[in-house]
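A short write-up of the structure that comes next.
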There are 2 protein chains.
Amino acid sequence: MSKYRIGLFGFGCVGQGLYETLQRNNQIDAEVVKICVKDSTKKRPIADDIFVYSADQILEDDTIDLVVELIDDAATAFTIVSESLSKRKRVVSANKKMVAEKLGELIQLQKEHNTPLLYEGAVCGSIPIIKTLDEYYSLEKVNEIKGIFNGSTNYILTKVIEESKSYQDALKAAQDNGFAETDPVLDVEGYDPKYKLAIVLQHTFGLQVHPDDIFNQGIQSITQADIQFAAERDLKIKLLSRASRYGDKVTGFVAPHFVSKESPLFHVENEYNAALIEGEFADEQVLIGKGAGKLPTGLAVLSDVAAITRGYHYDYPNKSDKSTFITSEEEVYVSFENGEVIDFGLFNTISEKYIGQKSGYVIGEIKLDKLKRLIKEKNVNAIFTSGAEEEIEVHRLSYSYA
Amino acid sequence: MSKYRIGLFGFGCVGQGLYETLQRNNQIDAEVVKICVKDSTKKRPIADDIFVYSADQILEDDTIDLVVELIDDAATAFTIVSESLSKRKRVVSANKKMVAEKLGELIQLQKEHNTPLLYEGAVCGSIPIIKTLDEYYSLEKVNEIKGIFNGSTNYILTKVIEESKSYQDALKAAQDNGFAETDPVLDVEGYDPKYKLAIVLQHTFGLQVHPDDIFNQGIQSITQADIQFAAERDLKIKLLSRASRYGDKVTGFVAPHFVSKESPLFHVENEYNAALIEGEFADEQVLIGKGAGKLPTGLAVLSDVAAITRGYHYDYPNKSDKSTFITSEEEVYVSFENGEVIDFGLFNTISEKYIGQKSGYVIGEIKLDKLKRLIKEKNVNAIFTSGAEEEIEVHRLSYSYA
């Protein structure tokens with residue numbers, strides 16, 4: 001007899017993978033007994049009698065002690081997860097949007113009902129980032145955490161920049177390979193990695209920051225001129241999620257970054273994700289793994305199920321203490337078609353400005369709320385320079401003295 | 001009142017770091033109450049009354065429930081650890097030689113006395129490799145695990161190859177920085193990474209392999225000609241620990257390898273360690289972090305202490321089933337001064353042979369026991385080609401057609 005009886009919500013790629021693996025695996029003391037799906041007319045790959053079509057058939061079933069929530073819709077997912085916790089059913093979820101937006105309430109519910117919720121599968125697929133942050137980085141202060149938190153856009157950037165494919169072909173290939181979200185805007189405009197960053201902000205700095213309060217710029221506006229700018233300086237463009245601590249101030253944002261070849265992130269290609277954690281004792285630590293696709297995410301969910309059977313729960317050991325989340329000023333490269341429409345006064349400092357016939361760019365320090373306004377109102381793209389200043393500077397000097 | 005009262009053996013770098021951190025940290029429910037050291041005349045940086053000079057003062061103290069063993073000598077360490085477990089004291093150790101050589105007995109002792117022993121600090125410093133193998137890779141089959149498991153030699157190789165320093169200067173710098181073992185032979189000849197590989201073989205494949213049964217070749221015989229061979233082919237030389245599964249056969253060894261720039265290991269420099277795990281679901285996962293030095297190792301020990309207070313113990317979930325450890329045949333580059341003394345018949349196949357006036361090399365497939373004999377009897381160096389075959393082949397072709 002299995003100890004844990006699982007009620008599964010959703011039977012897409014990851015759900016099917018989980019079901020199959022648990023069927024075959026004899027190490028995890030758990031089995032799926034009911035699967036709740038929406039569409040009762042759809043043909044399913046396994047026998048019908050396991051399917052139910054109303055959430056209550058799982059939520060009201062006292063013999064089910066573990067709910068695995070793998071549906072797309074964040075609002076419904078939150079109802080399922082919060083009701084499950086209220087009924088003291090343990091929960092595993094991979095819904096990053098839901099977890100990111102409702103993290104405060106979810107922590108409260110876990111505490112109130114003394115029932116665990118795990119969501120390693122929501123952040124960076126197969127990389128055990130949440131556990132590592134909780135278990136290692138509760139013991140030392142983190143100065144910075146940054147990484148490639150979205151496999152789909154990294155795949156697209158690799159194909160477009162390294163392999164000179166068209167953006168549309170690259171996006172289609174990402175979708176065909178199952179790396180992309182159902183709505184590609186979530187990936188391409190940087191929302192998906194922002195949800196993950198919000199979760200990481202909690203587990204790194206103890207800060208609850210609503211995703212709406214985090215700056216995000218995606219890869220949708222990168223131009224051929226931007227790609228050329230990077231190539232000339234031996235840089236790559238990577239969509240990074242990044243959070244830094246300056247004393248008791250913490251910043252965080254998602255944006256394309258120039259990355260130099262000295263960075264471990266330079267070499268992370270295709271659907272791989274990576275997290276680079278800079279701590280006080282361990283210095284730089286890098287975790288790289290597949291961040292998208294059925295099996296890597298399935299493995300993360302499976303590891304959460306296994307962890308639940310071992311009694312694991314998040315302690316949320318990293319506390320915010322007095323730190324606050326602020327809107328920072330960053331050095332940014334902003335490219336545009338028409339320099340005349342840009343209000344350069346928005347920049348605090350400008351280190352380089354180029355205005356050509358068809359396009360131009362400016363590099364300077366700007367507060368993120370002003371940058372957000374600039375991006376919204378004008379047809380510009382922004383790429384953060386952090387970590388690549390030296391390559392840009394060297395190129396600038398060689399150009400000046402040419 | 002602290003829940004866990006720690007008896008600490010050894011008060012070197014890592015021990016002092018642990019003591020200080022626990023003094024300041026209020027998140028871990030543990031405090032050091034006694035420290036056992038050998039030399040009663042040595043001046044200590046903290047008040048004398050915490051020191052004891054006989055192991056029994058800790059082992060016979062029923063109020064001590066956690067022993068942290070951080071001494072150099074493997075035989076004494078085993079006595080301390082096994083007696084502690086017998087008295088149902090939980091144990092944290094960072095002694096890789098002791099753990100590697102006695103793993104079977106240590107697993108038995110933990111089971112018999114239902115008392116945990118953790119040793120994350122023994123393998124790859126700040127990289128949480130043991131926990132990752134237990135928790136993620138018990139859920140899927142690992143095909144290969146390889147990595148840079150020794151920070152000292154990676155530091156030396158970086159300085160010698162990348163920065164053209166002399167071997168002696170590089171070794172001295174490694175020692176000055178606290179990366180090297182007390183006896184540098186353990187690092188330089190590949191024993192230290194072999195102990196770690198033996199521990200990893202248990203946690204990956206469930207195999208108990210005595211370090212004596214694992215082939216190891218260090219970096220001590222790398223010549224200028226070898227470095228030049230690598231540089232001409234855009235390769236680096238890295239000392240890798242490597243274990244692979246072929247059905248129910250598992251191989252494992254420590255040796256210098258040619259690494260091509262497509263490998264994530266190519267970019268891992270200085271005292272950094274890395275582990276690359278290739279699994280069936282998650283595909284390739286890479287963990288990179290500082291593998292040597294006081295603080296990274298201290299952090300790993302501290303995380304074990306914290307894990308003990310949370311009730312964590314190793315389950316040894318990866319079972320060997322029917323797999324056996326075998327001596328494999330590998331493709332190896334062997335360089336020599338005098339080709340006349342080499343018995344080329346030891347190789348099963350030879351793909352390239354070069355004999356010059358002062359030096360030469362042969363590339364071919366050879367069984368590791370024969371290679372061991374060749375290294376022992378003749379003045380040769382061996383570098384494994386795995387993963388770099390293509391670069392060698394391309395160079396060979398361009399040379400042939402030149």
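Chain labels follow the order of the structure tokens: the first chain is A, the next B, and so on; residue numbering restarts at 1 in every chain, and ligands are counted from 1 in their shown order.
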Discussion item. So that I can check the surroundings of Gly151 in chain A, please list as a ChimeraX atom specification every protein, DNA and RNA residue that reaches within 12 Å of it, counting only C-alpha atoms and ignoring chain neighbours fewer than 4 positions away.
Written reply: /A:123-127,147,155-158,171,174-175,177-181,184,186-188,190,192-193,238-240,268-274,288-293,296-297
So that I have them on file, write out the residues from the current selection with N, CA and C atoms, as a short mmCIF file (atom, residue, chain, number, x, y, z; two decimals), in the first residue's frame.
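Ended up saving to out.cif:
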```cif
data_model
loop_
_atom_site.label_atom_id
_atom_site.label_comp_id
_atom_site.auth_asym_id
_atom_site.auth_seq_id
_atom_site.Cartn_x
_atom_site.Cartn_y
_atom_site.Cartn_z
N VAL A 123 10.63 26.96 -10.80
CA VAL A 123 11.80 27.82 -11.03
C VAL A 123 12.94 27.02 -11.66
N CYS A 124 13.27 27.34 -12.90
CA CYS A 124 14.46 26.79 -13.56
C CYS A 124 14.48 25.27 -13.68
N GLY A 125 13.34 24.69 -13.98
CA GLY A 125 13.28 23.26 -14.32
C GLY A 125 14.10 22.38 -13.42
N SER A 126 15.08 21.73 -14.00
CA SER A 126 15.80 20.68 -13.27
C SER A 126 16.85 21.21 -12.30
N ILE A 127 17.05 22.53 -12.24
CA ILE A 127 18.07 23.06 -11.32
C ILE A 127 17.47 23.19 -9.91
N GLY A 147 20.80 35.15 -13.40
CA GLY A 147 20.85 33.97 -14.22
C GLY A 147 19.91 34.00 -15.39
N TYR A 155 16.90 29.80 -25.85
CA TYR A 155 16.93 29.00 -27.08
C TYR A 155 16.81 29.92 -28.30
N ILE A 156 15.85 30.85 -28.24
CA ILE A 156 15.64 31.77 -29.38
C ILE A 156 16.89 32.63 -29.61
N LEU A 157 17.44 33.18 -28.53
CA LEU A 157 18.64 34.03 -28.67
C LEU A 157 19.80 33.24 -29.26
N THR A 158 19.95 31.98 -28.83
CA THR A 158 21.02 31.15 -29.38
C THR A 158 20.85 30.97 -30.89
N LEU A 171 11.41 30.98 -32.79
CA LEU A 171 10.27 30.86 -31.87
C LEU A 171 9.48 29.59 -32.16
N ALA A 174 11.27 26.63 -30.81
CA ALA A 174 11.12 26.56 -29.35
C ALA A 174 9.76 25.98 -28.99
N GLN A 175 8.73 26.41 -29.72
CA GLN A 175 7.39 25.89 -29.44
C GLN A 175 7.29 24.41 -29.80
N ASN A 177 9.55 22.26 -29.75
CA ASN A 177 10.31 21.46 -28.79
C ASN A 177 9.70 21.47 -27.39
N GLY A 178 8.59 22.20 -27.24
CA GLY A 178 7.93 22.22 -25.93
C GLY A 178 8.62 23.09 -24.90
N PHE A 179 9.46 24.04 -25.35
CA PHE A 179 10.15 24.91 -24.40
C PHE A 179 9.32 26.15 -24.06
N ALA A 180 8.43 26.54 -25.00
CA ALA A 180 7.75 27.83 -24.84
C ALA A 180 6.47 27.68 -24.03
N GLU A 181 6.10 28.74 -23.32
CA GLU A 181 4.81 28.80 -22.64
C GLU A 181 3.70 28.81 -23.70
N PRO A 184 3.36 32.80 -25.89
CA PRO A 184 4.80 33.10 -26.00
C PRO A 184 5.18 34.47 -25.44
N LEU A 186 4.62 35.58 -22.59
CA LEU A 186 5.13 35.37 -21.23
C LEU A 186 6.63 35.13 -21.23
N ASP A 187 7.12 34.38 -22.22
CA ASP A 187 8.56 34.15 -22.34
C ASP A 187 9.26 35.37 -22.93
N VAL A 188 8.78 35.73 -24.13
CA VAL A 188 9.50 36.66 -24.98
C VAL A 188 9.58 38.06 -24.36
N GLY A 190 9.55 38.58 -21.15
CA GLY A 190 10.24 38.53 -19.86
C GLY A 190 9.35 38.39 -18.63
N ASP A 192 7.72 35.41 -17.65
CA ASP A 192 8.02 34.12 -17.02
C ASP A 192 9.28 34.20 -16.14
N PRO A 193 10.40 34.74 -16.65
CA PRO A 193 11.57 34.83 -15.77
C PRO A 193 11.37 35.83 -14.62
N LYS A 238 22.10 38.07 -23.45
CA LYS A 238 21.36 37.04 -22.71
C LYS A 238 20.26 37.72 -21.90
N LEU A 239 19.10 37.11 -21.84
CA LEU A 239 18.03 37.64 -21.01
C LEU A 239 18.26 37.18 -19.57
N LEU A 240 18.62 38.11 -18.70
CA LEU A 240 18.95 37.75 -17.32
C LEU A 240 17.90 38.23 -16.33
N VAL A 268 26.22 29.42 -21.67
CA VAL A 268 24.97 28.69 -21.44
C VAL A 268 24.04 28.94 -22.62
N GLU A 269 23.81 27.92 -23.42
CA GLU A 269 23.10 28.11 -24.68
C GLU A 269 21.81 27.30 -24.73
N ASN A 270 21.06 27.50 -25.80
CA ASN A 270 19.82 26.76 -26.06
C ASN A 270 18.86 26.81 -24.88
N GLU A 271 18.21 25.68 -24.57
CA GLU A 271 17.17 25.76 -23.54
C GLU A 271 17.74 25.64 -22.13
N TYR A 272 19.06 25.69 -22.01
CA TYR A 272 19.64 25.61 -20.67
C TYR A 272 19.37 26.87 -19.86
N ASN A 273 19.17 26.67 -18.59
CA ASN A 273 19.07 27.76 -17.63
C ASN A 273 20.32 27.77 -16.76
N ALA A 274 20.55 28.86 -16.09
CA ALA A 274 21.69 28.92 -15.18
C ALA A 274 21.39 29.92 -14.08
N ILE A 288 23.82 25.02 -13.54
CA ILE A 288 23.38 25.04 -14.93
C ILE A 288 22.58 23.77 -15.21
N GLY A 289 21.46 23.89 -15.85
CA GLY A 289 20.70 22.70 -16.19
C GLY A 289 19.58 23.04 -17.14
N LYS A 290 18.91 22.02 -17.65
CA LYS A 290 17.82 22.29 -18.58
C LYS A 290 16.66 22.92 -17.83
N GLY A 291 16.23 24.06 -18.35
CA GLY A 291 15.20 24.82 -17.65
C GLY A 291 13.83 24.70 -18.28
N ALA A 292 13.75 24.00 -19.37
CA ALA A 292 12.47 23.90 -20.05
C ALA A 292 12.34 22.51 -20.64
N GLY A 293 11.12 22.14 -20.95
CA GLY A 293 10.89 20.83 -21.55
C GLY A 293 10.25 19.89 -20.55
N PRO A 296 12.87 17.64 -17.85
CA PRO A 296 13.51 18.38 -16.76
C PRO A 296 12.50 18.93 -15.74
N THR A 297 11.39 19.52 -16.24
CA THR A 297 10.39 20.03 -15.30
C THR A 297 9.75 18.87 -14.55
#
```
Practice prompt. Compute the set of chain B residues within 8 Å of chain A, using only C-alpha atoms, and express it as number ranges by chain.
Written response: B: 25, 27, 126-128, 132, 135-136, 139-140, 264, 267, 281-290, 295-296, 299-300, 302-303, 306-307, 317
Worksheet item: In Å, how far is it from CA of Ser398 in chain B to CA of Val341 in chain B?
Response: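 So the answer is 29.4 Å.
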Item to complete: Would you kindly return, as a PyMOL selection string, each protein, DNA or RNA residue with an atom no farther than 8 Å from any atom of Ile130 in chain A, considering only C-alpha atoms and excluding same-chain residues fewer than 6 positions away?
Response: chain A and resi 120+123+200+203
Any chance you can output those residues with N, CA and C atoms as a PDB file, in the first residue's frame?
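And here's again00.pdb as it stands now:
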```
ATOM      1  N   GLU A 120       9.613  23.588  -6.460  1.00  0.00           N
ATOM      2  CA  GLU A 120      10.908  23.616  -7.155  1.00  0.00           C
ATOM      3  C   GLU A 120      10.714  23.610  -8.666  1.00  0.00           C
ATOM      4  N   VAL A 123      10.634  26.960 -10.799  1.00  0.00           N
ATOM      5  CA  VAL A 123      11.804  27.815 -11.031  1.00  0.00           C
ATOM      6  C   VAL A 123      12.942  27.021 -11.658  1.00  0.00           C
ATOM      7  N   VAL A 200      12.505  33.760  -6.289  1.00  0.00           N
ATOM      8  CA  VAL A 200      13.905  33.756  -5.842  1.00  0.00           C
ATOM      9  C   VAL A 200      14.173  34.891  -4.848  1.00  0.00           C
ATOM     10  N   HIS A 203      13.267  33.590  -1.533  1.00  0.00           N
ATOM     11  CA  HIS A 203      14.137  32.559  -0.972  1.00  0.00           C
ATOM     12  C   HIS A 203      15.587  33.037  -0.792  1.00  0.00           C
TER      13      HIS A 203
END
```
Practice prompt. Give the helix (DSSP H, G or I) residues of range 30-245 of chain B, as assigned by DSSP on the backbone, as JSON, numbers by chain.
Written response: {"B": [48, 49, 50, 56, 57, 58, 59, 74, 75, 76, 77, 78, 79, 80, 81, 82, 83, 84, 85, 86, 96, 97, 98, 99, 100, 101, 102, 103, 104, 105, 106, 107, 108, 109, 110, 111, 112, 113, 120, 121, 122, 129, 130, 131, 132, 133, 134, 135, 151, 152, 153, 154, 155, 156, 157, 158, 159, 160, 161, 162, 167, 168, 169, 170, 171, 172, 173, 174, 175, 176, 184, 185, 186, 187, 188, 191, 192, 193, 194, 195, 196, 197, 198, 199, 200, 201, 202, 203, 204, 205, 211, 212, 213, 224, 225, 226, 227, 228, 229, 230, 231, 232]}
Worksheet entry | Between CA of Tyr333 in chain A and CA of Glu232 in chain A - distance in Å to one decimal |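 It comes out at 14.6 Å.
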Fill in: Residues within 9 Å of range 43-56 of chain B, only C-alpha atoms, excluding chain neighbours under 2 positions, as an NGL selection string
:B and (9 or 11 or 16 or 32-41 or 58-61 or 80)
Only C-alpha atoms, please: the residues just picked out, written as a PDB file, in the first residue's frame.
```pdb
ATOM      1  CA  PHE B   9      37.611  17.514  16.713  1.00  0.00           C
ATOM      2  CA  PHE B  11      40.671  23.433  15.206  1.00  0.00           C
ATOM      3  CA  GLN B  16      37.812  27.896  13.493  1.00  0.00           C
ATOM      4  CA  VAL B  32      30.251  24.085  20.095  1.00  0.00           C
ATOM      5  CA  VAL B  33      30.774  23.095  23.736  1.00  0.00           C
ATOM      6  CA  LYS B  34      34.090  21.207  23.569  1.00  0.00           C
ATOM      7  CA  ILE B  35      36.968  21.220  21.099  1.00  0.00           C
ATOM      8  CA  CYS B  36      39.420  18.327  21.106  1.00  0.00           C
ATOM      9  CA  VAL B  37      42.934  19.174  19.917  1.00  0.00           C
ATOM     10  CA  LYS B  38      46.259  17.336  20.128  1.00  0.00           C
ATOM     11  CA  ASP B  39      48.666  19.983  21.311  1.00  0.00           C
ATOM     12  CA  SER B  40      47.934  21.432  24.755  1.00  0.00           C
ATOM     13  CA  THR B  41      50.851  23.868  24.586  1.00  0.00           C
ATOM     14  CA  ILE B  58      33.853  14.235  24.020  1.00  0.00           C
ATOM     15  CA  LEU B  59      32.973  10.618  23.251  1.00  0.00           C
ATOM     16  CA  GLU B  60      32.069   9.808  26.882  1.00  0.00           C
ATOM     17  CA  ASP B  61      30.155  13.057  27.399  1.00  0.00           C
ATOM     18  CA  ILE B  80      36.317   8.948  16.357  1.00  0.00           C
TER      19      ILE B  80
END
```
Discussion item. Given only C-alpha atoms as the basis, pick out the residue of B:Phe205, B:Phe149, B:Phe78, B:Phe229 nearest to Thr324 in chain B.
Written reply: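 Distance minimum relative to Thr324 in chain B lands on B:Phe205.
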Worksheet entry | d(CA of Glu329 in chain B, CA of Ile366 in chain B) in Å |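 Atom-to-atom, CA of Glu329 in chain B and CA of Ile366 in chain B are spaced 5.2 Å apart.
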Discussion item. Residues within 8 Å of range 65-76 of chain A, please, as an MDAnalysis selection string. Count only C-alpha atoms; anything in the same chain fewer than 3 positions from it doesn't count.
Written reply: chainID A and resid 4:12 14:15 62 79:81 84 88:95 97:98
Discussion item. So that I can check the secondary structure, give me every residue of range 120-334 of chain A assigned strand (DSSP E or B) by backbone DSSP, as a ChimeraX atom specification.
Written reply: /A:142-148,215-216,236-246,249-259,272-279,283-290,324-325,329-334
Practice prompt. Kindly indicate which residue among B:Phe258, B:Glu365, B:Tyr314, B:Ala231 lies nearest to Asn114 in chain B, using only C-alpha atoms for the distances.
Written response: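 Ranked by minimum distance to Asn114 in chain B, first place goes to B:Tyr314.
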Excluding Gly356 in chain A and any residue of its chain fewer than 6 positions from it, enumerate the residues within 10 Å of it, using only C-alpha atoms, and give them as a PDB file with C-alpha atoms, in the first residue's frame.
```
ATOM      1  CA  PHE A 336      16.752  53.752 -31.275  1.00  0.00           C
ATOM      2  CA  GLU A 337      15.892  54.553 -34.869  1.00  0.00           C
ATOM      3  CA  ASN A 338      15.460  58.252 -34.409  1.00  0.00           C
ATOM      4  CA  GLY A 339      17.640  60.090 -31.901  1.00  0.00           C
TER       5      GLY A 339
END
```
Worksheet, complete the sentence: If you count only C-alpha atoms, the residue of B:Ile145, B:Ile161, B:Ala388, B:Ile375 closest to Thr223 in chain B turns out to be B:Ile161
Discussion item. At a cut-off of 10 Å, using only C-alpha atoms, what residues contact Glu377 in chain A? Leave out same-chain residues fewer than 4 positions from it and give the result as number ranges by chain.
Written reply: A: 341-342, 371-373
